[in-house]
Every structure is written in C-alpha cells, then in structure tokens.
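**Student:** The structure file target-v1.pdb (PDB, C-alpha atoms) is provided below.
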```
ATOM      1  CA  MET X 204     136.695 143.924   8.037
ATOM      2  CA  ASP X 205     140.297 145.262   7.924
ATOM      3  CA  GLU X 206     143.358 143.007   7.972
ATOM      4  CA  MET X 207     144.156 143.669  11.651
ATOM      5  CA  ARG X 208     140.789 142.428  12.929
ATOM      6  CA  LEU X 209     140.790 139.555  10.423
ATOM      7  CA  LEU X 210     144.151 138.304  11.734
ATOM      8  CA  GLN X 211     142.990 138.678  15.328
ATOM      9  CA  GLN X 212     139.747 136.766  14.633
ATOM     10  CA  PHE X 213     141.657 134.029  12.773
ATOM     11  CA  GLY X 214     143.972 133.526  15.743
ATOM     12  CA  GLU X 215     141.061 133.317  18.160
ATOM     13  CA  GLU X 216     139.101 130.817  16.071
ATOM     14  CA  THR X 217     141.959 128.492  15.051
ATOM     15  CA  GLY X 218     143.185 126.107  17.740
ATOM     16  CA  LEU X 219     146.503 124.243  17.898
ATOM     17  CA  PRO X 220     146.671 120.629  16.528
ATOM     18  CA  ALA X 221     146.107 117.891  19.069
ATOM     19  CA  ALA X 222     149.130 115.874  20.282
ATOM     20  CA  GLU X 223     147.936 112.670  18.606
ATOM     21  CA  ARG X 224     147.845 114.431  15.215
ATOM     22  CA  LEU X 225     151.456 115.537  15.621
ATOM     23  CA  ALA X 226     152.776 112.116  16.739
ATOM     24  CA  PRO X 227     153.241 110.538  13.229
ATOM     25  CA  ALA X 228     155.129 113.572  11.913
ATOM     26  CA  ARG X 229     157.286 113.660  15.020
ATOM     27  CA  SER X 230     158.139 109.960  14.561
ATOM     28  CA  ARG X 231     159.089 110.449  10.886
ATOM     29  CA  LEU X 232     161.292 113.406  11.807
ATOM     30  CA  ALA X 233     163.103 111.437  14.507
ATOM     31  CA  THR X 234     163.714 108.516  12.095
ATOM     32  CA  ALA X 235     165.078 110.804   9.396
ATOM     33  CA  MET X 236     167.406 112.550  11.825
ATOM     34  CA  ALA X 237     168.708 109.191  13.119
ATOM     35  CA  ALA X 238     169.389 107.994   9.557
ATOM     36  CA  THR X 239     171.283 111.180   8.776
ATOM     37  CA  VAL X 240     173.490 110.819  11.846
ATOM     38  CA  ALA X 241     174.130 107.096  11.128
ATOM     39  CA  GLY X 242     175.011 107.770   7.493
ATOM     40  CA  SER X 243     177.615 110.375   8.439
ATOM     41  CA  SER X 244     179.441 108.142  10.996
ATOM     42  CA  ALA X 245     183.115 107.272  10.325
ATOM     43  CA  PRO X 246     183.858 103.723   8.996
ATOM     44  CA  ALA X 247     185.978 101.147  10.934
ATOM     45  CA  ALA X 248     189.711 101.872  11.284
ATOM     46  CA  SER X 249     190.701  98.924   9.027
ATOM     47  CA  THR X 250     188.809 100.399   6.044
ATOM     48  CA  VAL X 251     189.911 103.984   6.411
ATOM     49  CA  ARG X 252     192.005 105.327   3.518
ATOM     50  CA  PRO X 253     194.066 108.474   3.798
ATOM     51  CA  MET X 254     192.168 111.437   2.316
ATOM     52  CA  PRO X 255     193.261 115.020   1.796
ATOM     53  CA  SER X 256     192.071 117.257   4.592
ATOM     54  CA  ARG X 257     188.989 119.272   3.573
ATOM     55  CA  PRO X 258     186.426 121.334   5.448
ATOM     56  CA  ARG X 259     183.418 119.427   6.723
ATOM     57  CA  ARG X 260     180.182 120.340   4.984
ATOM     58  CA  THR X 261     176.815 120.426   6.674
ATOM     59  CA  PRO X 262     174.391 117.900   5.143
ATOM     60  CA  ARG X 263     172.092 119.597   2.642
ATOM     61  CA  ARG X 264     169.017 118.272   4.396
ATOM     62  CA  LEU X 265     169.925 120.140   7.586
ATOM     63  CA  VAL X 266     170.728 123.311   5.663
ATOM     64  CA  LEU X 267     167.280 123.278   4.097
ATOM     65  CA  SER X 268     165.730 122.639   7.489
ATOM     66  CA  GLY X 269     167.580 125.651   8.833
ATOM     67  CA  VAL X 270     166.222 127.826   6.026
ATOM     68  CA  ALA X 271     162.708 126.641   6.787
ATOM     69  CA  ALA X 272     163.224 127.450  10.470
ATOM     70  CA  VAL X 273     164.397 130.948   9.612
ATOM     71  CA  GLY X 274     161.324 131.467   7.432
ATOM     72  CA  LEU X 275     159.046 130.276  10.223
ATOM     73  CA  ALA X 276     160.752 132.589  12.686
ATOM     74  CA  ALA X 277     160.256 135.518  10.327
ATOM     75  CA  ALA X 278     156.569 134.667   9.955
ATOM     76  CA  ILE X 279     156.137 134.500  13.722
ATOM     77  CA  ALA X 280     157.945 137.818  14.139
ATOM     78  CA  SER X 281     155.566 139.395  11.610
ATOM     79  CA  ALA X 282     152.577 138.100  13.554
ATOM     80  CA  LEU X 283     153.990 139.559  16.761
ATOM     81  CA  VAL X 284     154.230 142.981  15.176
ATOM     82  CA  LEU X 285     150.799 142.895  13.556
ATOM     83  CA  VAL X 286     148.821 141.675  16.555
ATOM     84  CA  PRO X 287     150.568 142.865  19.717
ATOM     85  CA  ASP X 288     147.499 142.370  21.901
ATOM     86  CA  ARG X 289     147.199 138.667  21.098
ATOM     87  CA  PHE X 290     150.829 137.527  21.242
ATOM     88  CA  GLY X 291     152.384 140.185  23.467
ATOM     89  CA  GLY X 292     154.759 141.601  20.850
ATOM     90  CA  SER X 293     155.349 145.197  19.886
ATOM     91  CA  THR X 294     157.285 147.193  17.330
ATOM     92  CA  PRO X 295     160.715 148.229  18.702
ATOM     93  CA  PRO X 296     160.751 152.057  18.957
ATOM     94  CA  ALA X 297     163.914 152.462  16.884
ATOM     95  CA  GLN X 298     162.501 150.383  14.021
ATOM     96  CA  ALA X 299     158.843 151.365  14.142
ATOM     97  CA  ASP X 300     157.238 152.967  11.124
ATOM     98  CA  ALA X 301     154.475 155.522  11.545
ATOM     99  CA  THR X 302     151.774 153.386   9.944
ATOM    100  CA  GLN X 303     152.540 150.468  12.252
ATOM    101  CA  VAL X 304     152.493 152.744  15.316
ATOM    102  CA  LEU X 305     148.950 153.825  14.446
ATOM    103  CA  ARG X 306     147.848 150.263  13.721
ATOM    104  CA  ASN X 307     149.229 149.141  17.084
ATOM    105  CA  ALA X 308     147.299 152.001  18.698
ATOM    106  CA  ALA X 309     144.121 150.812  16.949
ATOM    107  CA  VAL X 310     144.553 147.302  18.371
ATOM    108  CA  ALA X 311     145.260 148.731  21.833
ATOM    109  CA  ALA X 312     142.110 150.878  21.666
ATOM    110  CA  LEU X 313     139.946 147.777  21.281
ATOM    111  CA  ARG X 314     141.229 146.461  24.623
ATOM    112  CA  VAL X 315     139.745 149.404  26.574
ATOM    113  CA  PRO X 316     136.362 148.752  28.271
ATOM    114  CA  ASP X 317     133.494 150.151  26.227
ATOM    115  CA  VAL X 318     131.467 152.740  28.143
ATOM    116  CA  GLU X 319     128.459 154.385  26.490
ATOM    117  CA  PRO X 320     127.785 157.767  28.153
ATOM    118  CA  ARG X 321     124.306 158.935  29.075
ATOM    119  CA  PRO X 322     123.144 162.281  27.667
ATOM    120  CA  ASP X 323     122.973 163.789  31.176
ATOM    121  CA  GLN X 324     126.598 162.938  32.022
ATOM    122  CA  PHE X 325     129.854 164.824  31.491
ATOM    123  CA  VAL X 326     133.185 164.029  29.838
ATOM    124  CA  TYR X 327     136.008 164.801  32.272
ATOM    125  CA  ILE X 328     139.467 165.450  30.788
ATOM    126  CA  ARG X 329     142.563 166.333  32.783
ATOM    127  CA  SER X 330     145.457 167.569  30.680
ATOM    128  CA  GLN X 331     148.708 169.500  30.939
ATOM    129  CA  GLU X 332     150.176 172.207  28.727
ATOM    130  CA  GLY X 333     153.611 173.275  29.886
ATOM    131  CA  SER X 334     153.313 173.824  33.638
ATOM    132  CA  GLU X 335     149.590 174.548  33.408
ATOM    133  CA  LEU X 336     147.064 171.920  34.528
ATOM    134  CA  ARG X 337     143.656 171.968  32.823
ATOM    135  CA  GLU X 338     140.481 170.182  33.901
ATOM    136  CA  SER X 339     137.266 170.258  31.912
ATOM    137  CA  TRP X 340     133.762 168.927  32.464
ATOM    138  CA  ARG X 341     131.842 169.119  29.200
ATOM    139  CA  SER X 342     128.264 168.020  28.610
ATOM    140  CA  VAL X 343     127.904 164.688  26.814
ATOM    141  CA  ASP X 344     125.064 165.990  24.646
ATOM    142  CA  GLY X 345     126.071 169.663  24.777
ATOM    143  CA  THR X 346     122.886 170.882  26.464
ATOM    144  CA  ARG X 347     124.134 171.211  30.065
ATOM    145  CA  ASP X 348     126.461 173.786  31.559
ATOM    146  CA  GLY X 349     130.041 172.588  31.863
ATOM    147  CA  LEU X 350     133.149 173.946  33.526
ATOM    148  CA  ILE X 351     136.834 174.515  32.709
ATOM    149  CA  VAL X 352     139.451 175.023  35.430
ATOM    150  CA  GLU X 353     143.052 176.009  34.722
ATOM    151  CA  THR X 354     145.699 175.985  37.438
ATOM    152  CA  ALA X 355     149.074 177.653  36.862
ATOM    153  CA  ALA X 356     151.767 179.388  38.866
ATOM    154  CA  ALA X 357     149.771 182.626  38.642
ATOM    155  CA  GLY X 358     146.735 181.027  40.266
ATOM    156  CA  ARG X 359     143.476 179.282  39.423
ATOM    157  CA  THR X 360     141.034 180.362  36.735
ATOM    158  CA  GLU X 361     137.649 178.851  35.984
ATOM    159  CA  TRP X 362     134.757 179.609  33.694
ATOM    160  CA  VAL X 363     131.430 178.129  32.751
ATOM    161  CA  VAL X 364     130.803 176.454  29.405
ATOM    162  CA  PRO X 365     127.134 177.229  28.748
ATOM    163  CA  GLY X 366     124.946 174.434  27.464
ATOM    164  CA  CYS X 367     122.866 174.982  24.354
ATOM    165  CA  ARG X 368     119.173 174.352  25.053
ATOM    166  CA  ASN X 369     116.432 174.921  22.483
ATOM    167  CA  GLY X 370     118.885 176.760  20.270
ATOM    168  CA  ARG X 371     119.796 179.353  22.930
ATOM    169  CA  ALA X 372     122.657 179.721  25.410
ATOM    170  CA  VAL X 373     123.713 182.350  27.921
ATOM    171  CA  PRO X 374     126.614 184.485  26.658
ATOM    172  CA  VAL X 375     130.002 184.558  28.390
ATOM    173  CA  LYS X 376     132.240 187.617  28.452
ATOM    174  CA  GLY X 377     135.722 186.823  29.660
ATOM    175  CA  ASN X 378     135.140 184.352  32.474
ATOM    176  CA  THR X 379     131.738 185.738  33.479
ATOM    177  CA  VAL X 380     128.274 184.630  32.440
ATOM    178  CA  VAL X 381     126.020 187.524  31.404
ATOM    179  CA  PRO X 382     122.802 187.013  33.370
ATOM    180  CA  GLY X 383     119.399 187.591  31.820
ATOM    181  CA  GLU X 384     120.603 187.290  28.227
ATOM    182  CA  THR X 385     120.741 184.502  25.643
ATOM    183  CA  GLU X 386     122.213 184.111  22.199
ATOM    184  CA  PRO X 387     121.761 181.636  19.322
ATOM    185  CA  CYS X 388     123.817 178.477  19.610
ATOM    186  CA  THR X 389     124.377 174.985  18.300
ATOM    187  CA  PRO X 390     125.016 172.157  20.796
ATOM    188  CA  GLU X 391     128.655 171.026  20.944
ATOM    189  CA  PRO X 392     128.519 167.536  22.465
ATOM    190  CA  ALA X 393     131.632 166.141  24.135
ATOM    191  CA  TYR X 394     130.644 162.709  22.813
ATOM    192  CA  ARG X 395     129.666 161.961  19.215
ATOM    193  CA  ALA X 396     127.521 158.842  19.016
ATOM    194  CA  ASP X 397     127.489 159.042  15.202
ATOM    195  CA  LEU X 398     131.217 158.585  14.621
ATOM    196  CA  PRO X 399     132.067 155.701  12.241
ATOM    197  CA  THR X 400     133.520 152.491  13.651
ATOM    198  CA  ASP X 401     135.467 151.191  10.638
ATOM    199  CA  ALA X 402     138.429 152.690   8.813
ATOM    200  CA  ALA X 403     136.820 153.276   5.412
ATOM    201  CA  ALA X 404     133.800 155.065   6.870
ATOM    202  CA  MET X 405     136.035 157.124   9.169
ATOM    203  CA  ARG X 406     138.156 158.237   6.204
ATOM    204  CA  ALA X 407     135.005 159.358   4.416
ATOM    205  CA  PHE X 408     133.790 161.151   7.557
ATOM    206  CA  LEU X 409     137.065 163.030   7.971
ATOM    207  CA  ALA X 410     137.068 164.022   4.297
ATOM    208  CA  LYS X 411     133.489 165.290   4.504
ATOM    209  CA  ASN X 412     134.066 167.243   7.722
ATOM    210  CA  ALA X 413     137.608 168.431   6.986
ATOM    211  CA  SER X 414     138.660 171.761   8.457
ATOM    212  CA  GLY X 415     140.971 172.466   5.510
ATOM    213  CA  ASP X 416     141.084 172.047   1.760
ATOM    214  CA  PRO X 417     140.774 168.560   0.221
ATOM    215  CA  GLY X 418     144.103 166.772   0.410
ATOM    216  CA  ASP X 419     145.499 169.103   3.106
ATOM    217  CA  ALA X 420     147.420 166.602   5.241
ATOM    218  CA  ASN X 421     148.228 169.177   7.923
ATOM    219  CA  ALA X 422     144.564 170.072   8.419
ATOM    220  CA  LEU X 423     143.641 166.383   8.459
ATOM    221  CA  GLY X 424     146.264 165.713  11.132
ATOM    222  CA  LYS X 425     144.853 168.516  13.277
ATOM    223  CA  ASP X 426     141.341 167.134  12.840
ATOM    224  CA  VAL X 427     142.550 163.743  14.099
ATOM    225  CA  LEU X 428     144.230 165.480  17.048
ATOM    226  CA  HIS X 429     140.997 167.319  17.865
ATOM    227  CA  TYR X 430     139.047 164.089  18.268
ATOM    228  CA  LEU X 431     141.863 162.502  20.300
ATOM    229  CA  SER X 432     142.303 165.399  22.725
ATOM    230  CA  ASP X 433     138.975 167.196  23.061
ATOM    231  CA  SER X 434     136.275 164.549  23.051
ATOM    232  CA  TYR X 435     135.373 161.077  24.268
ATOM    233  CA  LEU X 436     135.771 158.237  21.772
ATOM    234  CA  ARG X 437     134.456 154.759  22.357
ATOM    235  CA  PRO X 438     136.950 151.952  21.557
ATOM    236  CA  ARG X 439     135.746 151.046  18.053
ATOM    237  CA  ALA X 440     135.525 154.683  16.956
ATOM    238  CA  ARG X 441     139.001 155.397  18.354
ATOM    239  CA  ALA X 442     140.435 152.343  16.578
ATOM    240  CA  ALA X 443     138.806 153.462  13.307
ATOM    241  CA  LEU X 444     140.301 156.938  13.743
ATOM    242  CA  TYR X 445     143.802 155.482  14.157
ATOM    243  CA  GLU X 446     143.323 153.217  11.138
ATOM    244  CA  ALA X 447     142.108 156.153   9.038
ATOM    245  CA  ALA X 448     145.048 158.271  10.205
ATOM    246  CA  ALA X 449     147.417 155.470   9.165
ATOM    247  CA  THR X 450     146.447 156.145   5.527
ATOM    248  CA  MET X 451     147.577 159.798   5.641
ATOM    249  CA  PRO X 452     150.390 160.622   3.187
ATOM    250  CA  ASP X 453     153.952 161.381   4.280
ATOM    251  CA  LEU X 454     153.678 160.021   7.810
ATOM    252  CA  GLN X 455     156.949 159.824   9.724
ATOM    253  CA  ALA X 456     157.894 158.044  12.951
ATOM    254  CA  VAL X 457     159.723 159.867  15.742
ATOM    255  CA  PRO X 458     161.398 157.120  17.810
ATOM    256  CA  SER X 459     162.224 159.335  20.825
ATOM    257  CA  ALA X 460     159.279 161.662  21.389
ATOM    258  CA  LYS X 461     157.904 163.223  24.587
ATOM    259  CA  ASP X 462     154.569 164.749  25.515
ATOM    260  CA  ALA X 463     154.146 167.939  27.564
ATOM    261  CA  ALA X 464     154.425 165.971  30.807
ATOM    262  CA  GLY X 465     157.833 164.641  29.751
ATOM    263  CA  ARG X 466     156.576 161.093  29.220
ATOM    264  CA  PRO X 467     158.644 159.302  26.539
ATOM    265  CA  GLY X 468     157.013 157.469  23.667
ATOM    266  CA  ILE X 469     156.943 156.817  19.927
ATOM    267  CA  GLY X 470     155.827 159.775  17.863
ATOM    268  CA  VAL X 471     153.940 160.116  14.594
ATOM    269  CA  THR X 472     154.193 163.301  12.571
ATOM    270  CA  TRP X 473     153.540 164.547   9.047
ATOM    271  CA  SER X 474     154.596 167.338   6.726
ATOM    272  CA  SER X 475     152.994 170.708   7.387
ATOM    273  CA  THR X 476     153.144 174.259   6.082
ATOM    274  CA  ASN X 477     155.496 175.155   8.954
ATOM    275  CA  GLY X 478     157.940 172.317   8.295
ATOM    276  CA  PRO X 479     158.137 168.630   9.226
ATOM    277  CA  GLY X 480     157.462 167.597  12.793
ATOM    278  CA  GLU X 481     155.441 170.686  13.781
ATOM    279  CA  ILE X 482     152.953 168.454  15.606
ATOM    280  CA  VAL X 483     153.926 165.024  16.945
ATOM    281  CA  LEU X 484     151.331 162.581  18.263
ATOM    282  CA  VAL X 485     152.988 160.625  21.080
ATOM    283  CA  PHE X 486     152.075 157.014  21.951
ATOM    284  CA  HIS X 487     153.197 154.856  24.862
ATOM    285  CA  PRO X 488     155.992 152.569  23.584
ATOM    286  CA  GLU X 489     154.535 149.433  25.206
ATOM    287  CA  THR X 490     150.762 149.882  25.635
ATOM    288  CA  HIS X 491     150.384 151.970  22.414
ATOM    289  CA  THR X 492     147.905 154.311  24.139
ATOM    290  CA  PHE X 493     147.787 157.996  23.166
ATOM    291  CA  LEU X 494     149.823 160.134  25.599
ATOM    292  CA  GLY X 495     149.608 163.589  24.109
ATOM    293  CA  VAL X 496     151.407 165.944  21.764
ATOM    294  CA  GLY X 497     154.976 167.128  21.316
ATOM    295  CA  GLY X 498     156.833 169.052  18.645
ATOM    296  CA  PRO X 499     157.852 172.632  17.834
ATOM    297  CA  ALA X 500     154.235 173.823  17.809
ATOM    298  CA  GLY X 501     153.929 173.104  21.541
ATOM    299  CA  GLY X 502     152.940 170.140  23.615
ATOM    300  CA  SER X 503     150.120 168.779  25.705
ATOM    301  CA  ALA X 504     149.560 165.643  27.731
ATOM    302  CA  VAL X 505     146.285 163.801  28.288
ATOM    303  CA  LEU X 506     146.436 162.648  31.915
ATOM    304  CA  ALA X 507     142.914 161.303  32.442
ATOM    305  CA  VAL X 508     139.605 160.845  30.600
ATOM    306  CA  ALA X 509     136.428 159.667  32.325
ATOM    307  CA  ILE X 510     132.648 159.800  32.197
ATOM    308  CA  VAL X 511     131.236 161.427  35.351
ATOM    309  CA  ASP X 512     127.781 162.331  36.644
ATOM    310  CA  ARG X 513     128.313 165.952  37.667
ATOM    311  CA  VAL X 514     130.517 168.998  37.148
ATOM    312  CA  GLY X 515     133.458 169.064  39.539
ATOM    313  CA  GLN X 516     133.523 165.293  40.004
ATOM    314  CA  PRO X 517     137.082 163.928  39.568
ATOM    315  CA  ALA X 518     137.969 160.872  37.545
TER     316      ALA X 518
END
```
Any chance you could give the structure as structure tokens?
**Tutor:**
Amino acid sequence: MDEMRLLQQFGEETGLPAAERLAPARSRLATAMAATVAGSSAPAASTVRPMPSRPRRTPRRLVLSGVAAVGLAAAIASALVLVPDRFGGSTPPAQADATQVLRNAAVAALRVPDVEPRPDQFVYIRSQEGSELRESWRSVDGTRDGLIVETAAAGRTEWVVPGCRNGRAVPVKGNTVVPGETEPCTPEPAYRADLPTDAAAMRAFLAKNASGDPGDANALGKDVLHYLSDSYLRPRARAALYEAAATMPDLQAVPSAKDAAGRPGIGVTWSSTNGPGEIVLVFHPETHTFLGVGGPAGGSAVLAVAIVDRVGQPA
C-alpha cells in the first residue's frame, strides 16, 4: 500500500477523542493560563518602586505554546496537501510541484465511480484538437466494428474501425471498407482489464511495454499519455498510472497551462528530445482530473468518456 492510501485509510479509521477525555486537559490548561495572568499582574500602588522603562517581554510559556501551534498548523497544512479528497485541501497552482499534481490526480481518480465494461460494449470518447471535434466508438474487447467521426470547418468525415475476429479483419483503404476481403489482425481493445492497480506493478508494466528505449523519459511520458487519452481506465488503474508517472525523472510543473479547448489548469511536463515542455499534461486546478494536453507539440482536450452499448450512442 502506498503512502497516499495509507494516510487516507488512517484518517478514516481513527476517530476524534470523546469530549470527556479532553475535559481534564482542558481544565489543566485553563488553570495554567489563569496562574500566568495572575502572576504578571501589577502590584499595589504603595509597593511600586520606580523602574527604568524597558520593553515588555512575552512570557516564555506562551512563546513555546505559540511555537507548538505553528508546528501543528504546519502539520495540518501538510495533511491538506497530501489528502485533498478527505480534508478538502489542494495544492495552490503557483506552488504546486509536478509530483504532487500527479499524486493529487491519483487521489481524485479513486473518487470516480467504478464501471466495469462488458466485452460487447464500446468506449465513447469525445475530444477536441484545435477547432476539430473528434468522436470515437471503439470496441471494449476489440472484436466489434467501431466508428470515428471528425467534424471540422471543412465538413464531417467518418470511417469504420474494423473489429478483429478470429485473427482476421476487413481492410480499410482511406475511409472505405474493402468488401469481400480480410487481412490478419490482432485485437486492439479499448479497455485493458489486465492493467495493474498499484504503483509498483504499473511501473513494471510500463517498463516492460515501453515504446522507446529503457530510461527514455520522453517515450515513457507519451506512453502515459496514450493510456490517458485513447483508452478507458478504471479508477484504481488510473490512480496507479498517475502514481507511476509521478516517479518519472525531471518532471516539471507548469502553473498556468491550458488544454486545446482553452481550459486552464496545472500542467506537468518533462524533458524531451525537442526541448522542455514539448508535451504538457493538463489537470483541473481544483478537481485534479485530467483535462487534456497543451504545449508546443500541439494540444488536445478530453471532453467526455463513457461506456455505451452501441456505435453512435452519445455519452
């Protein structure tokens, strides 16, 4: 169990002390405070002797109490940052670090209702790239024909995504299915039921299935983006992906980032072969949900993700 879930579980299982348990300590504190005030009172006028004027000093006991209060406040502030879903806190955008942004996103992912798709269903994703709107219906298990529709100023374009059944699929040339022919294929499911659900296993999975050379942070970042943008992730798998991404080297926070739809958020980026900030993952500054992508390499925005029963069905 990672530290985020451990802290969340500890908070849920540990209740506050009952009032009767706090009463003795409260009484002792009140008595001590009264004694301090009484001891610092001025004597009667007849016994007062002229003294040189000097600045009044705060009793040491109260100074120490103030230090303790500051320490407690700092501890509470740390808890607010670490577990935003339990206490309602969040990392201020201007002060957020990239690792904390991803950890907040992991906690937020666990709040989303868990829906397990059926093999005969479809993953619907509505996204935006520039002024172009894209809708896709992809087969959950990769065996059924899906559909992609793109709408831009020039018009509407759609094409079939053939399902792979028994190792064969119909070929597509341009936007047209070639009737009467098949070609070898491997199913490409829109939902992976085998994805790990804890950070360590997800790191191992990403390393094993990396699209680039070992240690290539840019390729690893693009692999993470692929799973975020092009497939359906259940809450625990999504949280594990964020936690694994938080261990990437050279992560940087982008306090004022925007996705392709112009929605502002907190960005996370990393060094790449084309310079820093080529790809920026953008997260909502309050809910910590994934919004889309910004950066010099181009942007996109994830507008909706849903599990539907048929092609063409909206979210």
**Student:** Name all residues at most 9 Å from Ala420 of chain X (count only C-alpha atoms; drop same-chain ones fewer than 5 positions away) and give them as a PDB file with C-alpha atoms, in the coordinates of the input.
**Tutor:**
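So around.pdb came out as:
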```
ATOM      1  CA  GLY X 415     140.971 172.466   5.510  1.00  0.00           C
ATOM      2  CA  LYS X 425     144.853 168.516  13.277  1.00  0.00           C
ATOM      3  CA  MET X 451     147.577 159.798   5.641  1.00  0.00           C
ATOM      4  CA  PRO X 452     150.390 160.622   3.187  1.00  0.00           C
ATOM      5  CA  ASP X 453     153.952 161.381   4.280  1.00  0.00           C
ATOM      6  CA  TRP X 473     153.540 164.547   9.047  1.00  0.00           C
ATOM      7  CA  SER X 474     154.596 167.338   6.726  1.00  0.00           C
ATOM      8  CA  SER X 475     152.994 170.708   7.387  1.00  0.00           C
TER       9      SER X 475
END
```
**Student:** Could you write out as a PyMOL selection string the residues that the PyMOL selection byres ((chain X and resi 395-397) around 10) matches in the shown file?
**Tutor:** chain X and resi 319-320+343-344+391-394+398-400+430+434-437+440
**Student:** Give me the residues within 8 Å of Ile351 of chain X as a PyMOL selection string, counting only C-alpha atoms and dropping any in the same chain fewer than 5 places off.
**Tutor:** chain X and resi 337-340+361-364
**Student:** Let me make sure I understand: among X:Ala309, X:Val304, X:Ser342, X:Val508, which one has the smallest atom-to-atom distance to Pro322 of chain X if we use all atoms listed in the file?
**Tutor:**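 With all atoms listed in the file as the atom set, the closest residue is X:Ser342.
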**Student:** For the atom pair atom CA of Ala308 of chain X and atom CA of Glu446 of chain X, what is the interatomic distance in Å to one decimal place?
**Tutor:**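 These atoms are spaced 8.6 Å apart.
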